[in-house]
Every structure is written in C-alpha cells, then in structure tokens.
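Data block for upload18.txt (compact mmCIF, C-alpha atoms):
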```txt
# COMPACT_ATOMS: atom_id res chain seq x y z
CA MET A 1 -1.83 24.31 -41.72
CA SER A 2 -1.01 20.86 -43.09
CA ASN A 3 -3.49 18.02 -42.82
CA GLU A 4 -1.27 16.23 -40.37
CA THR A 5 -1.02 19.23 -38.03
CA LEU A 6 -4.77 19.71 -38.23
CA TYR A 7 -5.31 16.04 -37.34
CA LEU A 8 -2.91 16.26 -34.39
CA LEU A 9 -4.55 19.44 -33.12
CA SER A 10 -8.09 18.02 -33.33
CA PHE A 11 -6.85 14.76 -31.82
CA ILE A 12 -5.44 16.57 -28.77
CA LEU A 13 -8.62 18.63 -28.32
CA VAL A 14 -10.90 15.58 -28.67
CA THR A 15 -8.80 13.60 -26.17
CA ALA A 16 -8.75 16.51 -23.72
CA ALA A 17 -12.53 16.98 -24.01
CA ALA A 18 -13.28 13.27 -23.42
CA THR A 19 -10.93 13.17 -20.42
CA PHE A 20 -12.33 16.32 -18.81
CA LEU A 21 -15.89 15.15 -19.45
CA THR A 22 -15.38 11.90 -17.50
CA ARG A 23 -13.92 13.86 -14.58
CA LEU A 24 -16.68 16.48 -14.67
CA MET A 25 -19.71 14.16 -14.89
CA PRO A 26 -20.17 13.24 -11.20
CA PHE A 27 -19.84 16.90 -10.15
CA ALA A 28 -22.26 18.07 -12.83
CA PHE A 29 -24.97 15.46 -12.20
CA LEU A 30 -24.55 14.19 -8.67
CA GLY A 31 -23.41 17.28 -6.76
CA LYS A 32 -26.61 17.29 -4.68
CA HIS A 33 -26.44 13.61 -3.77
CA SER A 34 -22.89 13.50 -2.48
CA SER A 35 -23.81 12.08 0.91
CA HIS A 36 -26.32 9.49 -0.29
CA PRO A 37 -25.43 6.01 1.08
CA LEU A 38 -25.38 4.54 -2.44
CA ALA A 39 -22.86 7.17 -3.57
CA GLN A 40 -20.72 6.29 -0.54
CA HIS A 41 -21.00 2.56 -1.25
CA LEU A 42 -19.91 3.00 -4.88
CA GLY A 43 -17.26 5.57 -3.98
CA ARG A 44 -15.80 3.10 -1.50
CA TYR A 45 -15.62 -0.10 -3.58
CA LEU A 46 -15.60 0.97 -7.24
CA PRO A 47 -12.05 2.38 -7.47
CA ALA A 48 -10.50 -0.88 -6.21
CA GLY A 49 -12.72 -2.99 -8.47
CA ILE A 50 -11.82 -0.87 -11.49
CA MET A 51 -8.08 -1.12 -10.85
CA ALA A 52 -8.48 -4.92 -10.67
CA VAL A 53 -10.39 -4.92 -13.97
CA LEU A 54 -7.61 -2.94 -15.62
CA VAL A 55 -5.03 -5.47 -14.41
CA ALA A 56 -7.20 -8.46 -15.39
CA ILE A 57 -7.63 -7.12 -18.93
CA PHE A 58 -4.29 -5.47 -19.75
CA LEU A 59 -1.97 -8.02 -18.13
CA PRO A 60 -3.14 -11.01 -20.22
CA ARG A 61 -3.08 -8.82 -23.34
CA SER A 62 0.61 -8.04 -22.83
CA ALA A 63 1.53 -11.75 -22.64
CA HIS A 64 2.19 -14.42 -25.27
CA TRP A 65 -0.05 -17.39 -24.56
CA GLN A 66 1.28 -20.03 -26.99
CA VAL A 67 3.56 -22.98 -26.12
CA PRO A 68 6.15 -22.90 -24.52
CA VAL A 69 5.67 -19.45 -22.94
CA PHE A 70 2.19 -19.84 -21.42
CA GLY A 71 1.99 -16.14 -20.56
CA LEU A 72 5.05 -16.27 -18.31
CA ASP A 73 6.66 -13.43 -20.31
CA ALA A 74 4.19 -11.03 -18.61
CA LEU A 75 3.29 -13.00 -15.46
CA VAL A 76 6.88 -13.07 -14.18
CA PRO A 77 7.34 -9.26 -14.41
CA ALA A 78 3.88 -8.84 -12.83
CA ALA A 79 4.85 -11.14 -9.94
CA LEU A 80 8.03 -9.08 -9.50
CA VAL A 81 5.94 -5.89 -9.22
CA ILE A 82 3.65 -7.48 -6.61
CA VAL A 83 6.45 -8.94 -4.48
CA LEU A 84 8.54 -5.75 -4.62
CA HIS A 85 5.56 -3.56 -3.80
CA LEU A 86 4.43 -5.68 -0.85
CA TRP A 87 8.01 -5.71 0.41
CA ARG A 88 9.20 -2.10 -0.07
CA ARG A 89 5.96 -0.25 -0.96
CA ASN A 90 7.86 2.09 -3.25
CA ALA A 91 5.76 2.70 -6.38
CA LEU A 92 8.72 3.93 -8.44
CA LEU A 93 10.88 0.92 -7.59
CA SER A 94 8.10 -1.60 -8.26
CA MET A 95 7.17 -0.09 -11.63
CA LEU A 96 10.75 0.44 -12.79
CA ALA A 97 11.81 -3.11 -11.91
CA GLY A 98 8.69 -4.71 -13.44
CA THR A 99 8.90 -2.69 -16.67
CA SER A 100 12.65 -3.31 -17.10
CA CYS A 101 12.11 -7.02 -16.52
CA TYR A 102 9.30 -7.11 -19.12
CA MET A 103 11.34 -5.10 -21.66
CA LEU A 104 14.33 -7.39 -21.19
CA ILE A 105 12.22 -10.50 -21.76
CA GLN A 106 10.42 -9.08 -24.82
CA GLN A 107 13.65 -7.86 -26.42
CA GLN A 108 15.80 -10.92 -25.71
CA LEU A 109 13.35 -13.67 -26.55
CA SER A 110 11.65 -13.95 -29.90
CA PHE A 111 8.31 -15.65 -29.93
CA MET B 1 3.06 27.61 14.19
CA PRO B 2 1.08 26.04 11.33
CA GLN B 3 2.99 24.98 8.23
CA HIS B 4 2.63 26.88 4.98
CA ASN B 5 0.09 25.39 2.59
CA TRP B 6 2.63 24.98 -0.19
CA LEU B 7 4.98 23.10 2.10
CA ILE B 8 2.25 20.65 3.11
CA ALA B 9 1.26 20.21 -0.54
CA LEU B 10 4.88 19.63 -1.55
CA LYS B 11 5.39 16.98 1.15
CA THR B 12 2.11 15.24 0.30
CA SER B 13 2.77 15.20 -3.43
CA LEU B 14 6.38 13.97 -3.24
CA PRO B 15 5.55 10.27 -3.86
CA VAL B 16 3.75 11.32 -7.05
CA LEU B 17 6.89 13.16 -8.20
CA PHE B 18 8.73 9.84 -8.19
CA GLY B 19 5.85 8.15 -9.98
CA TYR B 20 5.13 10.84 -12.56
CA LEU B 21 8.67 11.57 -13.71
CA PRO B 22 9.30 7.99 -14.98
CA LEU B 23 5.71 7.46 -16.17
CA GLY B 24 5.65 10.82 -17.96
CA ALA B 25 9.09 10.03 -19.37
CA SER B 26 7.86 6.63 -20.66
CA PHE B 27 5.08 8.47 -22.47
CA GLY B 28 7.61 11.00 -23.81
CA VAL B 29 10.02 8.32 -25.06
CA LEU B 30 7.14 6.38 -26.63
CA PHE B 31 5.90 9.60 -28.26
CA SER B 32 9.23 10.55 -29.86
CA THR B 33 10.24 7.05 -30.89
CA GLN B 34 6.88 6.13 -32.47
CA LEU B 35 5.82 9.46 -33.98
CA ASP B 36 7.36 12.14 -36.17
CA TYR B 37 5.93 15.20 -34.43
CA ALA B 38 8.05 17.85 -32.65
CA TRP B 39 9.17 16.71 -29.17
CA TRP B 40 7.48 19.63 -27.38
CA ILE B 41 4.05 18.34 -28.43
CA ALA B 42 4.47 15.68 -25.69
CA PRO B 43 4.66 18.13 -22.74
CA LEU B 44 1.94 20.20 -24.44
CA MET B 45 -0.32 17.14 -24.26
CA GLY B 46 0.58 16.96 -20.57
CA VAL B 47 -0.72 20.53 -20.18
CA ILE B 48 -3.94 20.18 -22.18
CA ILE B 49 -4.98 16.52 -21.71
CA TYR B 50 -3.21 15.48 -18.49
CA ALA B 51 -4.04 11.77 -18.29
CA GLY B 52 -1.48 9.00 -17.78
CA SER B 53 -3.09 6.01 -19.41
CA GLY B 54 -5.00 8.28 -21.80
CA GLN B 55 -1.82 9.79 -23.23
CA LEU B 56 -0.12 6.38 -23.57
CA LEU B 57 -3.17 5.11 -25.47
CA ALA B 58 -3.11 8.34 -27.52
CA VAL B 59 0.30 7.39 -28.96
CA THR B 60 -1.09 4.07 -30.22
CA LEU B 61 -4.12 5.82 -31.72
CA LEU B 62 -1.98 8.53 -33.35
CA VAL B 63 0.32 5.95 -34.97
CA THR B 64 -2.65 4.33 -36.72
CA PHE B 65 -4.37 7.65 -37.63
CA THR B 66 -7.52 6.56 -35.79
CA GLY B 67 -10.75 8.39 -36.66
CA LEU B 68 -11.65 11.13 -34.17
CA THR B 69 -15.05 9.66 -33.24
CA GLN B 70 -13.39 6.40 -32.30
CA VAL B 71 -10.71 8.33 -30.37
CA PHE B 72 -13.41 10.15 -28.41
CA ILE B 73 -15.22 6.90 -27.52
CA ALA B 74 -11.99 5.05 -26.63
CA MET B 75 -10.95 7.90 -24.31
CA LEU B 76 -14.38 8.05 -22.66
CA LEU B 77 -14.26 4.31 -21.98
CA LEU B 78 -10.66 4.28 -20.78
CA ASN B 79 -11.32 7.23 -18.47
CA ALA B 80 -14.78 6.06 -17.37
CA ARG B 81 -13.30 5.16 -13.98
CA HIS B 82 -12.87 8.90 -13.31
CA VAL B 83 -16.64 9.16 -13.01
CA PHE B 84 -16.38 7.13 -9.83
CA TYR B 85 -13.48 9.13 -8.43
CA GLY B 86 -15.57 12.27 -8.33
CA LEU B 87 -18.16 10.46 -6.23
CA SER B 88 -15.89 10.38 -3.19
CA LEU B 89 -14.80 14.02 -3.55
CA LEU B 90 -18.15 15.73 -4.16
CA GLU B 91 -18.26 16.94 -0.58
CA ALA B 92 -14.60 17.94 -0.33
CA PHE B 93 -14.74 20.12 -3.47
CA LYS B 94 -18.05 21.79 -2.57
CA GLY B 95 -17.74 25.59 -2.58
CA ALA B 96 -14.17 25.64 -3.84
CA GLY B 97 -14.99 28.59 -6.14
CA TRP B 98 -12.56 29.32 -8.98
CA ARG B 99 -10.33 26.45 -7.86
CA LYS B 100 -13.05 23.86 -8.49
CA PRO B 101 -12.78 23.57 -12.31
CA TYR B 102 -9.04 22.98 -12.03
CA LEU B 103 -9.47 20.47 -9.17
CA ILE B 104 -11.86 18.51 -11.41
CA PHE B 105 -9.63 18.85 -14.50
CA GLY B 106 -6.61 17.53 -12.57
CA LEU B 107 -8.32 14.55 -10.94
CA THR B 108 -5.96 11.77 -12.11
CA ASP B 109 -5.57 8.33 -10.48
CA GLU B 110 -2.66 9.56 -8.39
CA THR B 111 -4.16 12.93 -7.40
CA TYR B 112 -7.32 11.06 -6.41
CA SER B 113 -5.42 8.69 -4.13
CA LEU B 114 -3.54 11.58 -2.48
CA LEU B 115 -6.65 13.71 -1.94
CA THR B 116 -8.76 10.85 -0.57
CA CYS B 117 -6.07 9.38 1.68
CA ARG B 118 -4.74 12.55 3.33
CA ALA B 119 -5.85 13.80 6.76
CA ARG B 120 -8.20 16.79 6.64
CA SER B 121 -8.82 19.51 9.23
CA GLU B 122 -12.11 21.33 9.88
CA ASP B 123 -10.90 24.38 7.93
CA LYS B 124 -12.46 23.49 4.56
CA LYS B 125 -11.27 26.61 2.75
CA ARG B 126 -7.67 25.92 3.66
CA GLU B 127 -7.93 22.21 2.78
CA GLN B 128 -9.24 23.19 -0.66
CA GLN B 129 -6.27 25.52 -1.12
CA ILE B 130 -3.96 22.61 -0.27
CA ASP B 131 -5.89 20.26 -2.63
CA PHE B 132 -5.41 22.86 -5.37
CA LEU B 133 -1.65 23.08 -4.76
CA ILE B 134 -1.28 19.28 -4.68
CA THR B 135 -3.10 19.04 -8.03
CA LEU B 136 -0.94 21.82 -9.48
CA PHE B 137 2.34 20.25 -8.29
CA ASN B 138 1.30 16.83 -9.63
CA GLN B 139 0.57 18.25 -13.07
CA GLY B 140 3.89 20.08 -12.96
CA TYR B 141 5.78 16.81 -12.33
CA TRP B 142 3.82 15.16 -15.13
CA ILE B 143 4.63 17.90 -17.67
CA VAL B 144 8.33 17.83 -16.77
CA GLY B 145 8.33 14.01 -17.11
CA CYS B 146 6.65 14.15 -20.55
CA GLY B 147 9.08 16.81 -21.74
CA LEU B 148 12.21 15.04 -20.45
CA GLY B 149 11.21 11.72 -21.98
CA ALA B 150 10.32 13.21 -25.36
CA TRP B 151 13.47 15.34 -25.47
CA LEU B 152 15.76 12.45 -24.55
CA GLY B 153 13.86 9.94 -26.72
CA ARG B 154 14.40 12.17 -29.77
CA ALA B 155 18.19 11.81 -29.58
CA LEU B 156 18.25 8.33 -28.15
CA THR B 157 18.50 5.30 -30.36
CA PHE B 158 16.75 3.18 -27.83
CA ASP B 159 14.76 0.00 -28.21
CA ALA B 160 11.59 0.91 -26.33
CA THR B 161 9.85 -2.44 -27.02
CA GLY B 162 7.86 -3.38 -23.95
CA ILE B 163 7.91 0.05 -22.27
CA GLU B 164 4.10 0.07 -22.36
CA PHE B 165 4.22 -2.46 -19.49
CA ALA B 166 4.75 0.58 -17.21
CA LEU B 167 0.99 1.05 -17.42
CA VAL B 168 0.22 -2.52 -16.30
CA ALA B 169 2.76 -2.15 -13.49
CA LEU B 170 1.06 1.09 -12.40
CA PHE B 171 -2.35 -0.61 -12.28
CA ILE B 172 -0.92 -3.46 -10.18
CA VAL B 173 0.65 -0.95 -7.75
CA LEU B 174 -2.63 1.02 -7.49
CA CYS B 175 -4.51 -2.24 -6.92
CA ILE B 176 -2.27 -3.07 -3.95
CA GLU B 177 -2.60 0.50 -2.62
CA GLN B 178 -6.41 0.30 -2.86
CA TYR B 179 -6.37 -3.03 -1.04
CA LYS B 180 -4.24 -1.58 1.77
CA ALA B 181 -6.49 1.47 2.12
CA LEU B 182 -9.73 -0.56 2.14
CA GLN B 183 -8.52 -3.52 4.20
CA SER B 184 -10.89 -5.63 2.11
CA SER B 185 -10.06 -7.84 -0.84
CA PHE B 186 -13.67 -8.23 -2.00
CA PRO B 187 -13.65 -5.47 -4.68
CA ILE B 188 -10.29 -6.73 -5.97
CA TRP B 189 -11.58 -10.28 -6.51
CA LEU B 190 -14.78 -8.90 -7.99
CA GLY B 191 -12.78 -6.80 -10.47
CA PHE B 192 -10.52 -9.71 -11.40
CA ALA B 193 -13.45 -12.04 -11.99
CA ALA B 194 -15.33 -9.45 -14.05
CA GLY B 195 -12.21 -8.62 -16.08
CA LEU B 196 -11.28 -12.24 -16.84
CA PHE B 197 -14.87 -13.15 -17.65
CA SER B 198 -15.28 -10.38 -20.23
CA LEU B 199 -11.78 -11.10 -21.56
CA LEU B 200 -12.82 -14.67 -22.36
CA VAL B 201 -16.35 -13.98 -23.57
CA PHE B 202 -16.54 -10.58 -25.29
CA PRO B 203 -14.74 -8.96 -28.26
CA GLU B 204 -11.66 -6.89 -27.40
CA SER B 205 -13.21 -3.47 -28.00
CA GLN B 206 -15.99 -4.03 -25.44
CA GLN B 207 -14.17 -5.91 -22.68
CA LEU B 208 -13.30 -2.91 -20.50
CA LEU B 209 -16.76 -1.36 -20.51
CA ILE B 210 -18.61 -4.65 -19.94
CA ALA B 211 -16.34 -5.58 -17.03
CA MET B 212 -16.96 -2.17 -15.41
CA LEU B 213 -20.72 -2.55 -15.89
CA LEU B 214 -20.54 -6.01 -14.29
CA ILE B 215 -18.87 -4.56 -11.16
CA CYS B 216 -21.55 -1.86 -10.95
CA VAL B 217 -24.31 -4.47 -11.19
CA VAL B 218 -22.78 -6.55 -8.38
CA LEU B 219 -22.24 -3.47 -6.17
CA PHE B 220 -25.84 -2.33 -6.74
CA TRP B 221 -27.04 -5.86 -5.96
CA GLN B 222 -25.25 -6.07 -2.62
CA TYR B 223 -25.98 -2.46 -1.68
CA PRO B 224 -29.22 -3.16 0.28
CA ALA B 225 -27.32 -5.55 2.59
CA ASN B 226 -24.64 -2.90 3.27
CA LYS B 227 -26.86 0.17 3.44
CA HIS B 228 -26.87 0.29 7.26
CA ARG B 229 -23.10 0.89 7.31
CA TYR B 230 -23.45 4.29 5.67
CA LYS B 231 -26.57 5.68 7.31
CA ASN B 232 -24.88 7.21 10.35
CA ARG B 233 -22.45 9.05 8.19
CA LEU B 234 -25.09 10.80 6.10
CA ALA B 235 -24.13 14.22 7.33
CA ARG B 236 -20.41 13.61 7.20
CA GLY B 237 -19.63 13.20 3.53
CA PRO B 238 -16.95 10.80 2.32
CA VAL B 239 -16.55 7.47 4.08
CA ASP B 240 -13.37 7.42 6.11
CA GLU B 241 -11.26 4.40 5.23
CA GLN B 242 -9.79 2.79 8.28
```
In structure tokens, what does this structure look like?
Amino acid sequence: MSNETLYLLSFILVTAAATFLTRLMPFAFLGKHSSHPLAQHLGRYLPAGIMAVLVAIFLPRSAHWQVPVFGLDALVPAALVIVLHLWRRNALLSMLAGTSCYMLIQQQLSF
Amino acid sequence: MPQHNWLIALKTSLPVLFGYLPLGASFGVLFSTQLDYAWWIAPLMGVIIYAGSGQLLAVTLLVTFTGLTQVFIAMLLLNARHVFYGLSLLEAFKGAGWRKPYLIFGLTDETYSLLTCRARSEDKKREQQIDFLITLFNQGYWIVGCGLGAWLGRALTFDATGIEFALVALFIVLCIEQYKALQSSFPIWLGFAAGLFSLLVFPESQQLLIAMLLICVVLFWQYPANKHRYKNRLARGPVDEQ
C-alpha cells in the first residue's frame, strides 16, 4: 500500500470515528437523564442557536471585505437564499439559486 | 388500512432526497476536481463517514495533507452540534435494539430535523422502525449524490470556484427552518451575536467552539427562569414544538 493510500484510509477512519463519537456522546452519557428539564431546555434552543453560529461564522468568511466590495459578494447570494426560502420554502431551490449566484459572482469578478 | 412503514418513510424523506442529491453532488464534484483519488472513494466516504459539512471540510483537509490529530479535532469541533441533537431524541430511540446504533450513526442535520418534526403515534416499536427506514433512505440519497457528483466531476472540465457556498446556503435554510419550528427568534439572535463576537475577537481556529460555548453559557444562565415550562412534561420526553 502506498503512503498516499494509507493516509487516505486513515483519514477516512479518523473522520468517521470523530463524527460517530459526536453523535454517540449524548446517548452514552445522558441516556438516563433524557427527560430532565435542563436537557429539554438545551434540546429545544441549542440547535437553532448553533445553526445561527454556523451562518455568522461561515458567511463572513466566504466574503471579500475590502473596498469596493464590502462583503456584498457573499451577502447578496445570502439575501437571495433568505428571500427565496421565505417565499417558496423549497430547500433545493434556495440552495441552488444562492450557490449559483455566489459562483457566478466569484468567477466573473476578480478581487 | 394503515400504510406500510416503508411508504411512510419514503414520503417523509422525500424533501431530503432533493437536498441530498445536489449537496452530495457538490461534495462529489469538489472531491474529483480538487483531488487525484479514484472517483468511487467519494461515495465510499458517504457510506463510512456520512456527514455533509464534515465531508466538504474533509476535501479541504485532504488537499493540504493535514495531520490526522488535527483532522480528528477539527471534525469533533465541526460536528459538536450533533451532541445536542441526541438530547432531543434520547427518549425516542430508547429500546430500539439493533436499530439503535445505526439510528445514532445516521443522525445528520437533515435526519434530525425529519425525526424531530414528524408526528408520532403511541406505537413506539413501529415508530422506531420508521425512523430506521428514514435514516436508511436518507443515507442512500446521500451516497448516490456523492457518487454522481464525483463521477460527473471526473469527466467535467468545470470551474467549481465558489461551490462551497452550498454549505453556507444550507445553514441559512436550516436556520429559517429552525425559526419556523420554534416560533421564537431568541436562539437565532443569540447564535448570531455569539458567532459575530467570536469572529471579531478570537483566532480563526477557535471561533466555532467559543461561540458554541457562549450559547451554552447563556442558555444555562436563563434556564432557572424557564424551568417551570418543562416541569409538567417530565414524564413525556421530548418537548413538542408548536
């Protein structure tokens, strides 16, 4: 087995282990406390908060912030996703339109 | 005449089919255009790893030959949100027997939203069989998407610059879906504030984790004031979102 294949194989196994571990943890440690009010409180509000964190961190990172763009190269596609999703509520449509819009902007304009 | 389990699972999982084919395909295209490995490695990763954002990040890490310890930590942090998904399904998965390990393995963002949003009957055994089928179908769509994208991307001379925005678009869509399910914008604003704060203050590698810790701190802090809302439901398991 070449070094590269070995690296790829270990990479896949390490990634799979880390992913499964995060999914397993609450079941392994908190199985007995599933109906505790604190677990319900976290289970109710955390997912939404975490999605918002992901947007707040990854959206600005995908933008160019210097003059004269001011982040609009990512904010415009993001606005398109929001408007389309509130209007049609079709996840595929919103994502496809937003991503195409972003790709078009990044490929046509050079910063 | 009750519907067959597989028919219910198929109907429930259909929206994910339309989400996973293009998302899996974006991963596949990214995989074959950025890396020199055989195309079928992409669907294989869909079988073994099965994580949307995780696999997209994996391509970036593979390109730069990232050390395995760092890969492990990055994946733990990126997937840390899964820890909180399990919290709302502890009760639903209880006593699922041999199906349980797979239900846990397949608990992606999308499977989580389907399983927590769908109507459940009193027949727990049957609901777990349906949960299992939904998870299985979802992973099937994902693997097909990964394979299609990688296979097409191999032959395609295609400028994929910017395709990684699919991930940001997915997070925005999930944010809106969470808001609609909760009928409360509080956790969304909290998440935004925490995310922007750590983006401005902390180094890039720690932003995600610190922002998530900040949300936890705030939720713990306001828990005593909200405790009374959960007490009556102690025996009932997951909170029903109205």
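Between atom CA of B:Asp36 and atom CA of A:Ala16 the interatomic distance comes to 20.8 Å.
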Can you tell me which residues surround A:Asn90 at a distance of at most 12 Å, considering all atoms listed in the file, apart from same-chain residues fewer than 6 positions away, and format the answer as a ChimeraX atom specification? /A:81-84,96-97 /B:14-16,18-19,170,173-174,176-177
Pick out the closest residue to chain A from this set: B:Leu152, B:Val83, B:Ile134, B:Ile210. Count all atoms listed in the file. B:Val83
One-decimal distance in Å that lies between atom CA of B:Tyr141 and atom CA of A:Pro77: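 The value is 26.2 Å.
If only C-alpha atoms are the atoms counted, then among A:Val67, A:Met95, A:Ala17, A:Met25 the closest residue to A:Ala79 is A:Met95.
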Excluding B:Gly191 and residues on its chain fewer than 3 positions from it, collect all residues at most 8 Å away from it, counting all atoms listed in the file, and give them as a VMD selection string. (chain A and resid 48 to 53 56) or (chain B and resid 187 to 188 194 to 195 211 to 212 215)
Residue nearest chain A among B:Phe65, B:Trp40, B:Phe132, B:Phe202 (counting only C-alpha atoms):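 Checking each candidate against chain A, we get B:Phe65 as the closest.
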How big is the axis-aligned box around all listed atoms of stretch 31-42 of chain A once 8 Å goes on each side, and where's its centre, in Å to one decimal, as JSON?
```
{"center_x": -23.3, "center_y": 9.9, "center_z": -2.8, "size_x": 22.7, "size_y": 30.7, "size_z": 23.8}
```
